[in-house]
Amino acid sequence: MKLLWLFLFSMYSLNAFAIDVVIHNLDSLTTNGQKTVSTWINQSLTKTQNTLGPLQQTTLPIYLKPQYFVFEPVPWASVKRNNPDGLELHIDRYASLKAFTKDWTLYHELSHLYLPLLPYSGFWLSEGFASYMQNVIMRDNGVISQAQFVQRLNAGFERARLQTKTKQQPLNELSNDMWKQRAQQRVYWTGAAFFVEADLALQKQGQNVASIIKQYQACCRTARSSAKTFIKELDKLSRSSVFTTLYAKYNTRTDFPLVTKTQLSKL
């Protein structure tokens, strides 16, 4: 086992579900830090794939940006769209494996890789999916409980309801100007509510969002897509009109939807 770890560290890569995870700048950490971060990334990818299925790329580059004197395990992260897609992770170089595991950020960013790059007006879909799915992954894999799952989603929805009072533009327009408007709460969590409603509707047909995205990743995902094309693909895979119907309802809405804790508890 010791020789195996040494080999993994020398290559700065790990394998999970046949993906070669290449961790750049890992050698800037201590030996213990390298083991902690490598284990965290590998385990998080496995958890994500347990819920959403294998990523359809052979290599996943991870670009580490270790930080000093930060107050959370992963203060910032982003997707690096390329060939192949990768992630940039700004991390607390001294965080423990437990702290990394309980942080939602990596599950969020990994979820993004299951969707194509959408135009800015459709970012409410991509950010909504990642915001919802980070909690589904954590719940499915025992990182959080069902009660915590409900509480976290409800808290996000409450923040979005509050911001909607001052950010009342149509959702697609606000999504297009999200950073300038500082409207992330409304955009992210309205998108998450879309996928909650989709899951509740799909449940009645014996399906769920994760299973549809698993199929989409395996058969149909492109590097880029329009929002409408993406939605139509999901309807085709689910043999339903769930996604198209909800998209027509959400894309230009100016309010925040009513999603209750009772509904969330059914997921």
# chains A, B, ... in the order shown; residues from 1 in each chain; ligands from 1

call {"tool": "select_by_dssp", "arguments": {"residues": "stretch 4-209 of chain A", "states": "helix (DSSP H, G or I)", "output": "PyMOL selection string"}}
result
chain A and resi 4-11+26-28+31-52+97-102+105-112+120-140+146-164+171-176+178-181+184-203+209

call {"tool": "closest_atom_pairs", "arguments": {"of": "stretch 38-65 of chain A", "to": "stretch 103-106 of chain A", "cutoff": "10 Å", "atoms": "only C-alpha atoms", "output": "JSON lines"}}
result
{"residue": "A:Trp40", "atom": "CA", "partner": "A:Leu106", "partner_atom": "CA", "distance": 9.3}
{"residue": "A:Ile41", "atom": "CA", "partner": "A:Leu106", "partner_atom": "CA", "distance": 7.9}
{"residue": "A:Ser44", "atom": "CA", "partner": "A:Leu106", "partner_atom": "CA", "distance": 7.1}
{"residue": "A:Leu45", "atom": "CA", "partner": "A:Leu106", "partner_atom": "CA", "distance": 8.5}
{"residue": "A:Thr48", "atom": "CA", "partner": "A:Leu106", "partner_atom": "CA", "distance": 9.4}

call {"tool": "write_last_selection", "arguments": {"atoms": "C-alpha atoms", "output": "JSON list (two decimals), in the first residue's frame"}}
result
[["chain", "number", "residue", "atom", "x", "y", "z"],
["A", 40, "TRP", "CA", -10.86, 13.96, -0.68],
["A", 41, "ILE", "CA", -10.94, 14.53, -4.45],
["A", 44, "SER", "CA", -15.86, 13.15, -3.80],
["A", 45, "LEU", "CA", -15.69, 12.04, -7.42],
["A", 48, "THR", "CA", -20.75, 12.13, -7.35]]

call {"tool": "residues_around", "arguments": {"residues": "A:Ala160", "least_positions_apart": "3", "cutoff": "10 Å", "atoms": "only C-alpha atoms", "output": "list in words"}}
result
Asn154, Ala155, Gly156, Phe157, Gln163, Thr164, Lys165, Lys167, Ala183, Gln184, Gln185, Arg186, Val187, Tyr188, Trp189, Thr190, Asp255, Phe256 and Pro257 of chain A

call {"tool": "residues_around", "arguments": {"residues": "A:Met138", "least_positions_apart": "6", "cutoff": "8 Å", "atoms": "only C-alpha atoms", "output": "tab-separated table (two decimals) with N, CA, C and O atoms, in the first residue's frame"}}
result
chain	number	residue	atom	x	y	z
A	47	LYS	N	-18.39	9.61	-4.92
A	47	LYS	CA	-19.72	9.93	-4.42
A	47	LYS	C	-20.59	10.55	-5.52
A	47	LYS	O	-21.77	10.21	-5.68
A	104	TRP	N	-19.50	21.61	0.63
A	104	TRP	CA	-20.34	21.32	-0.53
A	104	TRP	C	-19.70	21.66	-1.87
A	104	TRP	O	-20.15	21.21	-2.93
A	107	TYR	N	-18.64	18.95	-4.68
A	107	TYR	CA	-19.81	18.26	-5.24
A	107	TYR	C	-20.55	19.17	-6.22
A	107	TYR	O	-21.04	18.70	-7.26
A	144	ILE	N	-24.68	14.17	4.62
A	144	ILE	CA	-25.69	14.88	5.40
A	144	ILE	C	-26.91	13.96	5.52
A	144	ILE	O	-27.09	13.02	4.74

call {"tool": "residues_around", "arguments": {"residues": "A:Ser226", "least_positions_apart": "6", "cutoff": "12 Å", "atoms": "only C-alpha atoms", "output": "PyMOL selection string"}}
result
chain A and resi 115-123+125-126+232-233

call {"tool": "write_last_selection", "arguments": {"atoms": "all heavy atoms", "output": "compact mmCIF listing (two decimals), in the first residue's frame"}}
result
# COMPACT_ATOMS: atom_id res chain seq x y z
N LEU A 115 -23.38 18.67 -17.32
CA LEU A 115 -24.18 19.48 -18.23
C LEU A 115 -23.26 20.17 -19.24
O LEU A 115 -22.09 20.44 -18.94
CB LEU A 115 -24.98 20.54 -17.47
CG LEU A 115 -26.38 20.16 -16.97
CD1 LEU A 115 -26.35 18.94 -16.09
CD2 LEU A 115 -27.02 21.33 -16.24
N PRO A 116 -23.77 20.49 -20.40
CA PRO A 116 -22.98 21.27 -21.36
C PRO A 116 -22.87 22.71 -20.90
O PRO A 116 -23.59 23.15 -19.99
CB PRO A 116 -23.79 21.15 -22.65
CG PRO A 116 -25.20 21.01 -22.17
CD PRO A 116 -25.12 20.19 -20.91
N LEU A 117 -21.99 23.45 -21.53
CA LEU A 117 -21.91 24.88 -21.29
C LEU A 117 -23.12 25.54 -21.95
O LEU A 117 -23.30 25.46 -23.16
CB LEU A 117 -20.61 25.45 -21.86
CG LEU A 117 -20.43 26.97 -21.72
CD1 LEU A 117 -20.40 27.37 -20.24
CD2 LEU A 117 -19.15 27.41 -22.43
N LEU A 118 -23.95 26.19 -21.14
CA LEU A 118 -25.13 26.88 -21.63
C LEU A 118 -24.84 28.37 -21.78
O LEU A 118 -23.92 28.89 -21.14
CB LEU A 118 -26.29 26.67 -20.66
CG LEU A 118 -26.73 25.22 -20.42
CD1 LEU A 118 -27.76 25.15 -19.31
CD2 LEU A 118 -27.26 24.58 -21.69
N PRO A 119 -25.61 29.10 -22.58
CA PRO A 119 -25.43 30.55 -22.67
C PRO A 119 -25.76 31.21 -21.34
O PRO A 119 -26.46 30.62 -20.50
CB PRO A 119 -26.40 30.96 -23.77
CG PRO A 119 -27.40 29.87 -23.83
CD PRO A 119 -26.68 28.61 -23.47
N TYR A 120 -25.29 32.43 -21.13
CA TYR A 120 -25.51 33.12 -19.86
C TYR A 120 -26.98 33.17 -19.47
O TYR A 120 -27.32 33.04 -18.29
CB TYR A 120 -24.96 34.54 -19.92
CG TYR A 120 -23.46 34.63 -19.93
CD1 TYR A 120 -22.79 35.52 -20.78
CD2 TYR A 120 -22.68 33.83 -19.09
CE1 TYR A 120 -21.41 35.60 -20.80
CE2 TYR A 120 -21.30 33.91 -19.10
CZ TYR A 120 -20.66 34.80 -19.96
OH TYR A 120 -19.29 34.87 -19.97
N SER A 121 -27.86 33.34 -20.44
CA SER A 121 -29.29 33.41 -20.13
C SER A 121 -29.82 32.09 -19.58
O SER A 121 -30.88 32.04 -18.97
CB SER A 121 -30.09 33.81 -21.37
OG SER A 121 -29.90 32.86 -22.41
N GLY A 122 -29.07 31.01 -19.79
CA GLY A 122 -29.46 29.70 -19.28
C GLY A 122 -28.67 29.24 -18.08
O GLY A 122 -28.80 28.10 -17.64
N PHE A 123 -27.85 30.14 -17.53
CA PHE A 123 -27.05 29.76 -16.37
C PHE A 123 -27.91 29.42 -15.15
O PHE A 123 -27.46 28.73 -14.25
CB PHE A 123 -26.06 30.88 -16.03
CG PHE A 123 -24.71 30.71 -16.69
CD1 PHE A 123 -24.58 30.03 -17.87
CD2 PHE A 123 -23.57 31.25 -16.10
CE1 PHE A 123 -23.34 29.87 -18.49
CE2 PHE A 123 -22.32 31.09 -16.70
CZ PHE A 123 -22.21 30.40 -17.90
N LEU A 125 -30.20 27.39 -15.16
CA LEU A 125 -30.32 25.94 -15.24
C LEU A 125 -29.07 25.24 -14.72
O LEU A 125 -29.15 24.33 -13.90
CB LEU A 125 -30.59 25.50 -16.68
CG LEU A 125 -32.02 25.64 -17.20
CD1 LEU A 125 -32.05 25.47 -18.71
CD2 LEU A 125 -32.94 24.64 -16.52
N SER A 126 -27.91 25.67 -15.20
CA SER A 126 -26.67 24.99 -14.80
C SER A 126 -26.35 25.23 -13.33
O SER A 126 -25.98 24.29 -12.60
CB SER A 126 -25.50 25.45 -15.69
OG SER A 126 -25.35 26.84 -15.68
N LYS A 232 -35.08 19.83 -24.25
CA LYS A 232 -35.75 18.87 -25.13
C LYS A 232 -35.11 17.50 -25.05
O LYS A 232 -35.80 16.46 -25.11
CB LYS A 232 -35.73 19.39 -26.58
CG LYS A 232 -36.67 20.55 -26.83
CD LYS A 232 -36.58 21.04 -28.27
CE LYS A 232 -37.51 22.21 -28.51
NZ LYS A 232 -37.39 22.72 -29.92
N GLU A 233 -33.79 17.45 -24.89
CA GLU A 233 -33.10 16.16 -24.74
C GLU A 233 -33.54 15.46 -23.46
O GLU A 233 -33.73 14.24 -23.44
CB GLU A 233 -31.58 16.37 -24.73
CG GLU A 233 -30.98 16.75 -26.07
CD GLU A 233 -30.94 15.59 -27.05
OE1 GLU A 233 -31.24 14.45 -26.66
OE2 GLU A 233 -30.61 15.84 -28.23
